[in-house]
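First up is the structure itself, then whatever we jot down about it.
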Amino acid sequence: MTICGQIHSVESCGTVDGPGIRFVIFTKGCPLRCLYCHNPDCRPMTDGKQVTVDELIAEIEKYKSYMRFSGGGVTVSGGEPLMQPHFVAEIFKRCQKLGIHTALDTSGYADLEHAAKPVLEYADLVLLDIKSFEPETYFKVTSVPIEPTLKLAKYLSEINKPTWIRFVLVPHLTDDPANVEGLASFISTLGNIEKVEVLPFHKMGEYKWEQLGYDYQLKDTQPPTAELVQRTVDIFKKHGLAVVS
């Protein structure tokens, strides 16, 4: 039986969601309500495009040469891909049979046993977005608790799954040195982290919030200065972590 899923869109030549040139699938549905989300139109599971795994694989195969020569592959992002675990697992399973590298971009906010593990079995790489470390700050940013994400992070270390950590640096929200220090200290205890990506806050998705009638609370927040980015990077490096920004 063909498995179907709800997607928002695809990007055929992505370069920022994993190594090499990547075919990126943006799924619909997300339980988080991140204040800086640049894909708020991915939140609801409704009004997306229903596609079959067969249809996606047929499209993916058109770009195999780009992936092969660049060391790329397929990334499933969102939204939150783990809201559609059977769909994503089947995409990854089919990709691996074709020799295509697979990456999961996730917030980690999902049931570990029933949603995450079936997908992780076929994921070559995990891009784990950890929005903050202090529980109060994490909840302020996302409107959900941090515990499921930390639980997934520890599990990824236990199974030695290659992982990149992504941290969005937002002035006056996630930039508190104690918050960054706590996250860096936690990440340094994990044995599977290949690198940390410090992503400077931007407002490129603000227009989507306005179109959807959502209240964009960060309209007066500016991107972090180069000095703030460097101070943040230095904290991660102090803990022996490889960092890019």
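Following the order of the structure tokens, chains are lettered A, B, ..., residues in each are numbered from 1, and ligands are numbered from 1.
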
Next item on the list: From the DSSP assignment of the backbone, select every residue of region 65-162 of chain A that is strand (DSSP E), and format the answer as JSON, numbers by chain.
Entry: {"A": [73, 74, 75, 76, 77, 101, 102, 103, 104, 105, 106, 125, 126, 127, 128, 129]}

Margin query: Write out as a count of residues only the set of residues from region 34-163 of chain A that DSSP, computed on the backbone, places in helix (DSSP H, G or I).
Written below: 66

Notebook entry, point to check: Leaving out region 161-176 of chain A and any residue of its chain fewer than 5 positions from it, which residues lie within 7 Å of it when counting only C-alpha atoms, given as number ranges by chain?
Noted result: A: 125-132, 156, 192-201, 224

Item checked: Top pick for closest residue to Cys4 (chain A), considering A:Glu55, A:Glu121, A:Asp41, A:Glu113 and counting only C-alpha atoms ->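 Nearest candidate to Cys4 (chain A) out of A:Glu55, A:Glu121, A:Asp41, A:Glu113: A:Glu55.
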
Notebook entry, point to check: Taking only C-alpha atoms into account, which of A:Gly213, A:Gly14, A:Gly191, A:Pro81 comes nearest Leu241 (chain A)?
Noted result: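 For Leu241 (chain A), the nearest of the candidates is A:Gly191.
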
Note to self: To one decimal place in Å, what is the distance between CA of Gln96 (chain A) and CA of Gly18 (chain A)?
What the structure shows: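 Separating CA of Gln96 (chain A) from CA of Gly18 (chain A) is a distance of 15.8 Å.
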
Check: A:Gly71, A:Gly99, A:Pro40, A:Gly240: which is nearest Ala184 (chain A), counting only C-alpha atoms?
Finding: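 Using only C-alpha atoms, the shortest distance to Ala184 (chain A) belongs to A:Gly240.
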
Margin query: Between A:Thr2, A:Gln217, A:Ser9, A:Thr225, which residue has the minimum interatomic distance to Lys140 (chain A), considering only C-alpha atoms?
Written below: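 Of all the options, A:Gln217 lies closest to Lys140 (chain A).
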
Item checked: Spatial neighbours of Gln6 (chain A), max dist 8 Å, only C-alpha atoms, sep filter under 6 positions, as a PyMOL selection string -> chain A and resi 27-28+45-46+48-51

Next item on the list: Can you work out the spacing between CA of Leu35 (chain A) and CA of Val74 (chain A) in Å, to one decimal?
Entry: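 Interatomic distance here is 27.1 Å.
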
Next item on the list: May I ask which of the residues A:Cys37, A:Ile3, A:Cys13, A:Ile159 is the closest one to Ala89 (chain A), counting only C-alpha atoms?
Entry: A:Ile3

Item checked: Nearest to Ser143 (chain A), chosen from A:Pro223, A:Pro31, A:Pro19, A:Gly182, with only C-alpha atoms counted in the distances -> A:Pro31

Checklist line | Contact residues around Tyr109 (chain A) with only C-alpha atoms at 12 Å, ignoring same-chain residues under 4 positions, as JSON, numbers by chain | finding: {"A": [30, 31, 32, 33, 79, 80, 81, 82, 83, 105, 115, 116, 128, 129, 130, 131, 138, 142, 143, 144, 145, 146, 147, 148, 149, 150, 151, 152, 153]}

Using C-alpha atoms, can you export the residues from the last selection as a PDB file, in the first residue's frame?
ATOM      1  CA  CYS A  30       4.114  21.404  14.021  1.00  0.00           C
ATOM      2  CA  PRO A  31       3.309  21.344  17.760  1.00  0.00           C
ATOM      3  CA  LEU A  32       5.734  24.196  18.524  1.00  0.00           C
ATOM      4  CA  ARG A  33       4.880  27.884  18.308  1.00  0.00           C
ATOM      5  CA  GLY A  79       6.964  21.897  10.301  1.00  0.00           C
ATOM      6  CA  GLU A  80       7.873  18.919  12.464  1.00  0.00           C
ATOM      7  CA  PRO A  81       8.513  15.757  10.420  1.00  0.00           C
ATOM      8  CA  LEU A  82       7.983  13.487  13.422  1.00  0.00           C
ATOM      9  CA  MET A  83       4.275  14.346  13.345  1.00  0.00           C
ATOM     10  CA  ASP A 105      15.550  18.133  10.714  1.00  0.00           C
ATOM     11  CA  ALA A 115       7.400   8.611  16.461  1.00  0.00           C
ATOM     12  CA  ALA A 116      11.158   9.124  16.636  1.00  0.00           C
ATOM     13  CA  LEU A 128      18.426  18.653  16.097  1.00  0.00           C
ATOM     14  CA  ASP A 129      17.077  22.124  16.804  1.00  0.00           C
ATOM     15  CA  ILE A 130      17.515  22.946  20.477  1.00  0.00           C
ATOM     16  CA  LYS A 131      15.867  26.330  20.884  1.00  0.00           C
ATOM     17  CA  TYR A 138      12.594  27.262  26.043  1.00  0.00           C
ATOM     18  CA  THR A 142       8.275  27.466  21.778  1.00  0.00           C
ATOM     19  CA  SER A 143       5.209  27.169  24.067  1.00  0.00           C
ATOM     20  CA  VAL A 144       6.175  23.541  24.790  1.00  0.00           C
ATOM     21  CA  PRO A 145       8.453  21.940  27.436  1.00  0.00           C
ATOM     22  CA  ILE A 146      12.069  21.069  26.706  1.00  0.00           C
ATOM     23  CA  GLU A 147      12.154  17.573  28.246  1.00  0.00           C
ATOM     24  CA  PRO A 148      11.221  15.550  25.104  1.00  0.00           C
ATOM     25  CA  THR A 149      13.987  17.257  23.127  1.00  0.00           C
ATOM     26  CA  LEU A 150      16.630  16.530  25.756  1.00  0.00           C
ATOM     27  CA  LYS A 151      15.408  12.935  25.976  1.00  0.00           C
ATOM     28  CA  LEU A 152      15.820  12.533  22.226  1.00  0.00           C
ATOM     29  CA  ALA A 153      19.251  14.161  22.330  1.00  0.00           C
TER      30      ALA A 153
END

Item checked: Atom-to-atom span, CA of Phe133 (chain A) and CA of Ser185 (chain A), Å -> 9.9 Å
